[in-house]
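Undergrad: So I've got this file, my_file30.txt, and it contains compact mmCIF, C-alpha atoms:
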```txt
# COMPACT_ATOMS: atom_id res chain seq x y z
CA MET Z 4 0.00 0.00 0.00
CA ALA Z 5 1.42 3.36 -1.04
CA MET Z 6 2.14 5.88 1.67
CA VAL Z 7 0.48 9.27 1.50
CA ASN Z 8 2.51 12.43 1.75
CA PRO Z 9 2.61 13.18 5.51
CA PHE Z 10 3.36 16.82 4.84
CA ASP Z 11 -0.04 17.36 3.27
CA VAL Z 12 -1.13 18.41 6.76
CA PHE Z 13 1.14 21.45 6.46
CA SER Z 14 0.34 24.29 4.10
CA VAL Z 15 3.09 26.21 2.29
CA THR Z 16 2.34 29.17 4.54
CA GLU Z 17 2.73 27.05 7.68
CA ILE Z 18 6.07 25.61 6.54
CA ALA Z 19 7.43 29.05 5.65
CA ALA Z 20 6.28 30.37 9.01
CA ALA Z 21 7.87 27.40 10.77
CA ILE Z 22 11.37 28.06 9.41
CA ASN Z 23 11.05 31.72 10.33
CA ARG Z 24 10.18 30.75 13.93
CA VAL Z 25 13.31 28.62 14.40
CA PRO Z 26 15.68 30.54 16.75
CA ASN Z 27 18.91 31.97 15.39
CA ASN Z 28 21.69 30.13 17.23
CA TYR Z 29 24.65 31.89 15.65
CA GLY Z 30 25.67 35.35 14.59
CA ARG Z 31 27.18 38.17 16.63
CA ILE Z 32 26.36 40.70 13.92
CA ASN Z 33 22.72 39.65 14.14
CA GLN Z 34 22.84 40.04 17.94
CA LEU Z 35 24.21 43.55 17.59
CA GLY Z 36 21.21 44.51 15.45
CA LEU Z 37 23.61 46.29 13.15
CA MET Z 38 22.00 45.40 9.82
CA PRO Z 39 18.21 45.46 10.16
CA VAL Z 40 16.21 43.54 7.58
CA ARG Z 41 14.42 45.44 4.83
CA GLY Z 42 12.13 43.50 2.51
CA THR Z 43 11.90 44.36 -1.18
CA THR Z 44 9.53 43.26 -3.94
CA SER Z 45 12.31 43.09 -6.51
CA ARG Z 46 15.35 40.90 -7.09
CA THR Z 47 17.49 44.03 -7.28
CA VAL Z 48 18.32 46.83 -4.86
CA ALA Z 49 19.29 50.36 -5.87
CA VAL Z 50 21.18 52.88 -3.80
CA GLU Z 51 21.09 56.50 -4.91
CA GLU Z 52 23.70 59.07 -3.96
CA ARG Z 53 23.20 62.81 -4.26
CA ASN Z 54 25.93 65.21 -3.20
CA GLY Z 55 27.41 62.62 -0.89
CA SER Z 56 24.09 61.72 0.76
CA LEU Z 57 22.76 58.21 0.17
CA ALA Z 58 19.17 57.03 -0.04
CA LEU Z 59 17.37 53.82 -0.99
CA ILE Z 60 14.90 53.87 -3.86
CA PRO Z 61 12.62 51.16 -5.29
CA THR Z 62 13.70 49.55 -8.56
CA GLU Z 63 12.27 47.43 -11.32
CA ARG Z 64 14.05 44.35 -12.60
CA ALA Z 65 17.37 45.06 -14.28
CA GLY Z 66 17.03 46.16 -17.90
CA ASN Z 67 13.35 47.14 -17.74
CA ASP Z 68 14.22 50.77 -18.39
CA GLY Z 69 15.90 49.89 -21.67
CA SER Z 70 19.20 51.39 -20.61
CA GLY Z 71 21.03 48.09 -20.56
CA ARG Z 72 22.57 48.84 -17.18
CA GLY Z 73 23.41 45.72 -15.24
CA PRO Z 74 23.83 45.14 -11.52
CA GLY Z 75 26.55 47.24 -9.98
CA ASN Z 76 26.81 49.71 -12.85
CA VAL Z 77 26.54 53.44 -12.25
CA GLY Z 78 24.13 55.87 -13.85
CA LYS Z 79 24.84 59.58 -13.41
CA THR Z 80 22.59 62.62 -13.68
CA GLY Z 81 24.42 65.72 -12.58
CA LYS Z 82 25.64 65.04 -9.06
CA ARG Z 83 23.39 62.03 -8.62
CA LYS Z 84 24.64 58.45 -8.86
CA LEU Z 85 22.56 55.31 -9.04
CA ARG Z 86 24.03 51.91 -8.16
CA THR Z 87 22.06 48.70 -8.65
CA PHE Z 88 22.82 45.37 -6.97
CA SER Z 89 21.38 41.92 -7.68
CA VAL Z 90 20.30 39.99 -4.59
CA PRO Z 91 21.90 36.52 -4.24
CA ASN Z 92 19.67 33.44 -4.20
CA LEU Z 93 20.68 30.89 -1.54
CA THR Z 94 19.06 27.44 -1.52
CA TYR Z 95 19.48 24.38 0.67
CA ASP Z 96 17.49 21.16 0.38
CA GLU Z 97 16.77 18.40 2.89
CA PHE Z 98 15.32 14.92 2.34
CA VAL Z 99 12.89 12.84 4.40
CA GLY Z 100 12.89 9.12 3.66
CA PRO Z 101 9.83 6.91 4.18
CA GLU Z 102 11.68 5.00 6.92
CA GLU Z 103 12.06 8.24 8.91
CA VAL Z 104 8.34 8.89 8.78
CA GLN Z 105 7.46 5.28 9.59
CA GLY Z 106 9.81 5.27 12.56
CA VAL Z 107 8.51 8.54 13.91
CA ARG Z 108 4.89 7.45 13.57
CA ALA Z 109 5.48 4.13 15.32
CA PHE Z 110 7.36 5.73 18.20
CA GLY Z 111 5.06 8.65 18.94
CA GLY Z 112 1.40 7.84 18.82
CA SER Z 113 0.26 11.20 17.43
CA ASP Z 114 0.89 11.37 13.69
CA GLN Z 115 0.66 15.12 13.21
CA GLN Z 116 2.66 16.01 16.32
CA ASN Z 117 5.53 13.68 15.40
CA LEU Z 118 5.55 14.75 11.79
CA ALA Z 119 5.69 18.35 12.92
CA SER Z 120 8.69 17.53 15.13
CA LEU Z 121 10.47 15.80 12.24
CA LEU Z 122 9.80 18.71 9.90
CA ASN Z 123 10.97 21.20 12.52
CA GLU Z 124 14.21 19.22 12.91
CA LYS Z 125 14.86 19.43 9.17
CA LEU Z 126 13.96 23.09 9.09
CA ALA Z 127 16.21 23.84 12.07
CA ASN Z 128 19.15 22.22 10.28
CA ALA Z 129 18.44 24.20 7.12
CA ARG Z 130 17.92 27.41 9.08
CA ALA Z 131 21.30 27.00 10.79
CA LYS Z 132 23.03 26.80 7.40
CA HIS Z 133 21.19 29.88 6.15
CA ASP Z 134 22.06 31.76 9.34
CA ILE Z 135 25.80 31.09 9.15
CA THR Z 136 25.75 32.06 5.47
CA LEU Z 137 23.99 35.33 6.31
CA GLU Z 138 26.56 36.03 9.05
CA HIS Z 139 29.31 35.44 6.49
CA LEU Z 140 27.72 37.86 4.03
CA ARG Z 141 27.21 40.47 6.75
CA MET Z 142 30.84 40.23 7.78
CA GLY Z 143 31.75 40.79 4.15
CA ALA Z 144 29.65 43.95 4.14
CA LEU Z 145 31.54 45.13 7.25
CA LYS Z 146 34.82 44.48 5.47
CA GLY Z 147 33.63 46.25 2.33
CA ILE Z 148 34.09 43.14 0.19
CA ILE Z 149 31.20 40.65 0.08
CA VAL Z 150 32.37 37.18 -0.91
CA ASP Z 151 30.61 33.96 -1.85
CA ALA Z 152 31.01 30.63 -0.04
CA ASP Z 153 33.94 29.70 -2.30
CA GLY Z 154 35.77 32.96 -1.58
CA SER Z 155 34.96 34.63 -4.90
CA THR Z 156 33.94 38.28 -4.76
CA LEU Z 157 30.26 39.10 -5.11
CA TYR Z 158 30.61 42.87 -4.57
CA ASN Z 159 33.56 45.10 -3.78
CA LEU Z 160 31.78 48.03 -2.16
CA TYR Z 161 34.85 50.26 -2.41
CA THR Z 162 34.89 49.79 -6.17
CA GLU Z 163 31.11 50.15 -6.45
CA PHE Z 164 31.11 53.45 -4.54
CA ASP Z 165 34.43 54.78 -5.91
CA ILE Z 166 36.02 54.87 -2.45
CA THR Z 167 39.57 54.05 -1.36
CA ALA Z 168 39.64 51.50 1.45
CA LYS Z 169 41.06 52.77 4.75
CA GLU Z 170 43.60 50.69 6.70
CA VAL Z 171 45.34 51.52 9.97
CA ASP Z 172 48.37 49.56 11.18
CA PHE Z 173 48.34 49.47 14.99
CA VAL Z 174 51.97 48.23 15.13
CA LEU Z 175 51.18 46.18 18.23
CA GLY Z 176 54.53 44.43 18.07
CA THR Z 177 56.27 47.65 19.11
CA GLY Z 178 55.94 48.55 22.79
CA THR Z 179 56.26 52.30 22.23
CA THR Z 180 53.37 52.59 19.76
CA ASP Z 181 50.82 55.21 20.80
CA ILE Z 182 47.74 52.98 20.65
CA LYS Z 183 45.39 55.73 21.82
CA ALA Z 184 46.49 57.91 18.89
CA LYS Z 185 45.80 55.00 16.53
CA CYS Z 186 42.31 54.66 18.00
CA HIS Z 187 41.65 58.37 17.55
CA ALA Z 188 42.77 58.16 13.92
CA VAL Z 189 40.24 55.39 13.28
CA LYS Z 190 37.39 57.23 14.98
CA ARG Z 191 38.13 60.53 13.23
CA HIS Z 192 38.16 58.83 9.85
CA ILE Z 193 34.76 57.30 10.54
CA GLU Z 194 33.34 60.61 11.77
CA ASP Z 195 34.59 62.38 8.64
CA ASN Z 196 32.91 59.83 6.38
CA LEU Z 197 29.49 59.63 8.03
CA LEU Z 198 28.26 62.16 5.45
CA GLY Z 199 25.44 63.51 7.58
CA GLU Z 200 24.76 60.21 9.38
CA THR Z 201 24.78 59.80 13.14
CA MET Z 202 26.43 57.19 15.34
CA THR Z 203 26.54 56.24 18.99
CA GLY Z 204 30.01 54.73 18.99
CA VAL Z 205 32.59 52.66 17.13
CA ARG Z 206 32.96 48.91 17.52
CA VAL Z 207 35.88 46.84 16.27
CA LEU Z 208 35.51 43.10 15.72
CA VAL Z 209 38.99 41.60 15.89
CA SER Z 210 40.65 38.20 15.60
CA PRO Z 211 41.75 36.46 18.82
CA GLU Z 212 45.38 37.16 17.89
CA PHE Z 213 44.73 40.88 17.50
CA PHE Z 214 42.78 41.01 20.78
CA ASP Z 215 45.59 39.31 22.70
CA ALA Z 216 48.25 41.55 21.15
CA LEU Z 217 46.20 44.65 21.94
CA THR Z 218 45.36 43.82 25.55
CA ASN Z 219 48.94 42.72 26.27
CA HIS Z 220 50.48 45.87 24.79
CA GLN Z 221 52.29 47.91 27.45
CA LYS Z 222 50.26 51.04 26.62
CA VAL Z 223 46.98 49.14 27.00
CA GLN Z 224 47.61 46.38 29.53
CA LYS Z 225 46.99 48.43 32.67
CA ALA Z 226 43.71 49.83 31.33
CA PHE Z 227 42.59 46.33 30.33
CA GLU Z 228 43.36 44.94 33.79
CA ASN Z 229 41.39 47.74 35.44
CA TRP Z 230 38.49 47.16 33.07
CA GLN Z 231 38.52 43.43 33.82
CA ALA Z 232 38.45 44.13 37.54
CA ALA Z 233 35.53 46.55 37.13
CA GLN Z 234 33.59 44.00 35.08
CA ASP Z 235 34.15 41.38 37.77
CA ARG Z 236 32.86 43.71 40.49
CA LEU Z 237 29.78 44.73 38.52
CA GLY Z 238 29.02 41.28 37.20
CA GLY Z 239 29.25 42.48 33.59
CA ASP Z 240 29.77 40.35 30.51
CA MET Z 241 33.38 40.68 29.30
CA ARG Z 242 32.35 39.34 25.90
CA ASN Z 243 30.58 42.62 25.12
CA GLY Z 244 33.89 44.32 24.43
CA PHE Z 245 36.73 46.32 25.92
CA THR Z 246 36.63 50.09 25.30
CA PHE Z 247 39.91 51.95 24.82
CA GLY Z 248 40.68 55.20 23.03
CA GLY Z 249 37.03 55.67 22.07
CA LEU Z 250 36.78 52.26 20.34
CA THR Z 251 35.09 49.12 21.67
CA PHE Z 252 37.19 46.08 20.82
CA GLU Z 253 35.51 42.69 20.74
CA GLU Z 254 37.03 39.31 19.96
CA TYR Z 255 35.22 37.64 17.06
CA ARG Z 256 35.67 33.95 16.29
CA GLY Z 257 33.21 33.35 13.45
CA VAL Z 258 34.18 30.40 11.28
CA SER Z 259 32.51 28.10 8.76
CA THR Z 260 33.26 25.36 6.27
CA ASP Z 261 33.10 26.06 2.54
CA PRO Z 262 31.65 23.63 -0.06
CA ALA Z 263 35.11 22.10 -0.58
CA GLY Z 264 35.45 21.31 3.13
CA ASN Z 265 37.93 24.08 3.89
CA THR Z 266 37.59 25.98 7.15
CA ARG Z 267 37.25 29.73 6.63
CA ARG Z 268 37.70 32.31 9.38
CA PHE Z 269 35.52 35.37 8.97
CA ILE Z 270 38.33 37.60 10.31
CA ALA Z 271 41.90 36.73 9.40
CA ASP Z 272 44.74 36.28 11.89
CA GLY Z 273 45.95 39.64 13.23
CA GLU Z 274 43.15 41.74 11.71
CA GLY Z 275 40.20 43.78 12.92
CA HIS Z 276 37.35 45.70 11.29
CA ALA Z 277 35.95 48.94 12.69
CA PHE Z 278 32.48 50.34 11.97
CA PRO Z 279 30.03 52.84 13.49
CA GLU Z 280 27.11 51.75 15.64
CA GLY Z 281 23.75 53.45 16.08
CA THR Z 282 23.50 54.64 12.47
CA GLN Z 283 20.16 55.15 10.72
CA GLN Z 284 20.69 54.20 7.07
CA THR Z 285 24.29 53.05 6.71
CA PHE Z 286 23.66 49.30 7.11
CA ARG Z 287 20.81 47.16 5.82
CA THR Z 288 20.09 43.53 5.04
CA HIS Z 289 17.91 43.59 1.94
CA VAL Z 290 15.79 40.48 1.40
CA ALA Z 291 14.15 39.72 -1.94
CA PRO Z 292 11.14 37.45 -2.56
CA ALA Z 293 11.68 33.79 -3.44
CA ASP Z 294 11.49 32.59 -7.03
CA PHE Z 295 8.08 30.99 -6.38
CA ASN Z 296 5.00 31.85 -8.38
CA GLU Z 297 3.11 32.97 -5.27
CA ALA Z 298 5.99 35.23 -4.18
CA VAL Z 299 5.97 37.40 -7.31
CA GLY Z 300 5.31 41.01 -6.37
CA GLN Z 301 5.28 40.20 -2.65
CA MET Z 302 7.59 41.70 -0.02
CA GLY Z 303 10.61 39.51 0.57
CA GLN Z 304 10.84 37.33 3.67
CA VAL Z 305 14.06 36.24 5.34
CA TYR Z 306 13.42 32.50 4.80
CA TYR Z 307 11.21 30.33 2.60
CA ALA Z 308 10.45 26.59 2.68
CA LYS Z 309 8.42 24.07 0.65
CA THR Z 310 7.96 20.29 0.45
CA GLN Z 311 7.05 17.92 -2.36
CA PRO Z 312 7.10 14.13 -2.99
CA ALA Z 313 10.46 12.83 -4.24
CA LYS Z 314 10.89 10.95 -7.53
CA PHE Z 315 8.86 7.74 -7.67
CA ASP Z 316 7.33 8.76 -4.31
CA ARG Z 317 10.46 7.55 -2.51
CA GLY Z 318 10.39 10.11 0.28
CA TRP Z 319 9.88 13.84 0.40
CA ASP Z 320 12.06 16.78 -0.60
CA VAL Z 321 12.23 19.81 1.67
CA HIS Z 322 13.38 22.95 -0.14
CA THR Z 323 14.53 26.06 1.69
CA GLN Z 324 15.88 29.34 0.41
CA SER Z 325 16.82 32.84 1.44
CA ASN Z 326 17.61 35.88 -0.70
CA PRO Z 327 19.64 38.31 1.41
CA LEU Z 328 22.03 41.09 0.44
CA PRO Z 329 23.66 42.86 3.40
CA LEU Z 330 25.07 46.24 2.35
CA CYS Z 331 27.04 49.08 3.82
CA HIS Z 332 25.75 52.15 1.97
CA ARG Z 333 28.69 54.25 3.17
CA PRO Z 334 31.80 52.06 2.85
CA GLY Z 335 33.93 55.09 3.67
CA VAL Z 336 33.09 54.50 7.35
CA LEU Z 337 34.73 51.06 7.33
CA VAL Z 338 38.29 50.75 8.60
CA LYS Z 339 40.53 47.69 8.49
CA LEU Z 340 42.94 47.29 11.42
CA THR Z 341 46.18 45.36 11.07
CA THR Z 342 49.23 44.85 13.23
CA SER Z 343 52.89 44.60 12.33
CA ASN Z 344 55.96 43.83 14.43
```
Please re-express this file's structure in structure tokens.
TA:
Amino acid sequence: MAMVNPFDVFSVTEIAAAINRVPNNYGRINQLGLMPVRGTTSRTVAVEERNGSLALIPTERAGNDGSGRGPGNVGKTGKRKLRTFSVPNLTYDEFVGPEEVQGVRAFGGSDQQNLASLLNEKLANARAKHDITLEHLRMGALKGIIVDADGSTLYNLYTEFDITAKEVDFVLGTGTTDIKAKCHAVKRHIEDNLLGETMTGVRVLVSPEFFDALTNHQKVQKAFENWQAAQDRLGGDMRNGFTFGGLTFEEYRGVSTDPAGNTRRFIADGEGHAFPEGTQQTFRTHVAPADFNEAVGQMGQVYYAKTQPAKFDRGWDVHTQSNPLPLCHRPGVLVKLTTSN
């Protein structure tokens, strides 16, 4: 006797809602709330600049205006510049075999409840992969160069916005380096490039090696020890960052595995990346609608999911996708920190 599709009890809407309800278990950038989500109805995002001030505008699909401009190209009218970006499409599929469903039914006693648990397990696994991918893309936006899972460049924001990347060498290997002056140089550069934006402070996500070299530097060590002691007395969380010279330094250990099985660190050994916090329009995560018939013309959601019977009815395919593009609309405010001996 042929088995019926157990997922018929779930509508497409319910499955999509289920994956959106799964908690995010990874992502410091997400925790910081730095790049709020903005849904779009298009597969492209346009950023308009006028006299140094940036604004988002709605767009049609690339090429609809007959100009032939592609994603990332620049159109100019006087002192206005229009830059258009295509939103990446990220998909991940899971599979449910008949033996999994049979086992779950026999063990539980409530068909729908157990099937829901099995589906949630698959969706949680898929959601975790989407979340780490989104964190990777967001870190790329903070660096100014957004890269794909294989390390290839999706967008170089410095090139797109005609901006020269800023780098400050903290020279942490030299005991006489004026670290406070280095911090002030970073903060002043960011303030000069806000272009009318506001900020509440500057945070620097750094590699463990950079954090250790910084906090052990003779010009910083005493301040770090005092800060540690104060955190202990107040019961604070040391992971929230150490503030020195007007910058809040935080160790960041994000890592993932690429499709080839190689481990990739989101921040390289001995590096850090500074950015402003509390801005209004500088950072966004743009999400486009899925390439489903029912999603056409609808506002994009962060995650989508669907199920269908597998070939020859030998199980069920679970399809998930997300369509995010994190952007820094003012890459001039990004500063790379390095250290030399």
Undergrad: Atom CA of Gln221 of chain Z to atom CA of Ile182 of chain Z: how many Å, to one decimal?
TA: 9.6 Å
Undergrad: Taking a cut-off of 12 Å and counting all atoms listed in the file, can you build a table that, for each residue of segment 213-282 of chain Z near segment 123-146 of chain Z, reports the nearest atom pair and how far apart they are in Å (one decimal), sorted by chain then residue number, as a Markdown table?
TA:
```
| residue | atom | partner | partner_atom | distance |
| --- | --- | --- | --- | --- |
| Z:Tyr255 | CA | Z:Met142 | CA | 10.6 |
| Z:Arg256 | CA | Z:Met142 | CA | 11.6 |
| Z:Gly257 | CA | Z:His139 | CA | 8.2 |
| Z:Val258 | CA | Z:His139 | CA | 8.5 |
| Z:Ser259 | CA | Z:Ile135 | CA | 7.4 |
| Z:Thr260 | CA | Z:Ile135 | CA | 9.8 |
| Z:Asp261 | CA | Z:Thr136 | CA | 9.9 |
| Z:Pro262 | CA | Z:Thr136 | CA | 11.7 |
| Z:Arg267 | CA | Z:His139 | CA | 9.8 |
| Z:Arg268 | CA | Z:His139 | CA | 9.4 |
| Z:Phe269 | CA | Z:His139 | CA | 6.7 |
| Z:Ile270 | CA | Z:Met142 | CA | 8.3 |
| Z:Ala271 | CA | Z:Lys146 | CA | 11.2 |
| Z:Glu274 | CA | Z:Lys146 | CA | 10.8 |
| Z:Gly275 | CA | Z:Lys146 | CA | 9.2 |
| Z:His276 | CA | Z:Lys146 | CA | 6.5 |
| Z:Ala277 | CA | Z:Leu145 | CA | 8.0 |
| Z:Phe278 | CA | Z:Leu145 | CA | 7.1 |
| Z:Pro279 | CA | Z:Leu145 | CA | 10.0 |
| Z:Glu280 | CA | Z:Leu145 | CA | 11.6 |
```
Undergrad: Could those selected residues go to a file with C-alpha atoms, as a tab-separated table (two decimals), keeping the file's coordinate frame?
TA:
```tsv
chain	number	residue	atom	x	y	z
Z	255	TYR	CA	35.22	37.64	17.06
Z	256	ARG	CA	35.67	33.95	16.29
Z	257	GLY	CA	33.21	33.35	13.45
Z	258	VAL	CA	34.18	30.40	11.28
Z	259	SER	CA	32.51	28.10	8.76
Z	260	THR	CA	33.26	25.36	6.27
Z	261	ASP	CA	33.10	26.06	2.54
Z	262	PRO	CA	31.65	23.63	-0.06
Z	267	ARG	CA	37.25	29.73	6.63
Z	268	ARG	CA	37.70	32.31	9.38
Z	269	PHE	CA	35.52	35.37	8.97
Z	270	ILE	CA	38.33	37.60	10.31
Z	271	ALA	CA	41.90	36.73	9.40
Z	274	GLU	CA	43.15	41.74	11.71
Z	275	GLY	CA	40.20	43.78	12.92
Z	276	HIS	CA	37.35	45.70	11.29
Z	277	ALA	CA	35.95	48.94	12.69
Z	278	PHE	CA	32.48	50.34	11.97
Z	279	PRO	CA	30.03	52.84	13.49
Z	280	GLU	CA	27.11	51.75	15.64
```
Undergrad: Find the axis-aligned box for segment 149-167 of chain Z, covering all its listed atoms and adding 8 Å on each side, and write its centre and edge lengths in Å to one decimal as JSON.
TA:
```
{"center_x": 34.9, "center_y": 42.3, "center_z": -3.2, "size_x": 25.3, "size_y": 41.2, "size_z": 22.5}
```
Undergrad: Can you work out which one of Z:Asn33, Z:Phe286, Z:Pro334, Z:Leu93 has the shortest atom-to-atom distance to His322 of chain Z, counting all atoms listed in the file?
TA: Z:Leu93
Undergrad: Could you give me, as a CSV table (one decimal) with C-alpha atoms, in the coordinates of the input, the residues that sit within 9 Å of (27.2, 48.3, -1.8) in the file's coordinates, counting all atoms listed in the file?
TA:
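This went into result.csv:
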```csv
chain,number,residue,atom,x,y,z
Z,50,VAL,CA,21.2,52.9,-3.8
Z,75,GLY,CA,26.6,47.2,-10.0
Z,86,ARG,CA,24.0,51.9,-8.2
Z,87,THR,CA,22.1,48.7,-8.6
Z,88,PHE,CA,22.8,45.4,-7.0
Z,144,ALA,CA,29.6,44.0,4.1
Z,147,GLY,CA,33.6,46.2,2.3
Z,148,ILE,CA,34.1,43.1,0.2
Z,149,ILE,CA,31.2,40.6,0.1
Z,158,TYR,CA,30.6,42.9,-4.6
Z,159,ASN,CA,33.6,45.1,-3.8
Z,160,LEU,CA,31.8,48.0,-2.2
Z,161,TYR,CA,34.8,50.3,-2.4
Z,162,THR,CA,34.9,49.8,-6.2
Z,163,GLU,CA,31.1,50.2,-6.4
Z,164,PHE,CA,31.1,53.4,-4.5
Z,329,PRO,CA,23.7,42.9,3.4
Z,330,LEU,CA,25.1,46.2,2.4
Z,331,CYS,CA,27.0,49.1,3.8
Z,332,HIS,CA,25.8,52.2,2.0
Z,333,ARG,CA,28.7,54.2,3.2
Z,334,PRO,CA,31.8,52.1,2.8
```
Undergrad: Please list as JSON, numbers by chain every residue within 6 Å of segment 292-303 of chain Z, counting only C-alpha atoms and excluding residues in the same chain fewer than 2 positions away.
TA: {"Z": [42, 43, 44, 290]}
Undergrad: Write to file, as a compact mmCIF listing (two decimals), in the coordinates of the input, the residues of the selection just made, with C-alpha atoms.
TA:
```txt
# COMPACT_ATOMS: atom_id res chain seq x y z
CA GLY Z 42 12.13 43.50 2.51
CA THR Z 43 11.90 44.36 -1.18
CA THR Z 44 9.53 43.26 -3.94
CA VAL Z 290 15.79 40.48 1.40
```
Undergrad: Go through Z:Thr94, Z:Asn229, Z:Ala152, Z:Leu328 and flag the residue nearest Thr266 of chain Z, using only C-alpha atoms for the distances.
TA: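 Ranking Z:Thr94, Z:Asn229, Z:Ala152, Z:Leu328 by distance to Thr266 of chain Z, first place goes to Z:Ala152.
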Undergrad: Would you mind listing what lies within 9 Å of Leu217 of chain Z as a list in words, with all atoms listed in the file counted and same-chain residues fewer than 5 positions away left out?
TA: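 Once the nearby chain positions are removed, what remains is Phe173, Leu175, Ile182, Glu212, Lys222, Val223 and Gln224 of chain Z.
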Undergrad: Please indicate the distance in Å from atom CA of Phe315 of chain Z to atom CA of Ser120 of chain Z, rounded to one decimal place.
TA: 24.8 Å
Undergrad: With distances taken over all atoms listed in the file, which of Z:Met202, Z:Leu208, Z:Val189, Z:Ala291 is nearest to Arg31 of chain Z?
TA: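 Looking only at the distances to Arg31 of chain Z, the closest residue turns out to be Z:Leu208.
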Undergrad: Using all atoms listed in the file, pick whichever of Z:Ala168, Z:Ala263, Z:Val336, Z:Ala232 has the shortest atom-to-atom distance to His192 of chain Z.
TA: Z:Val336
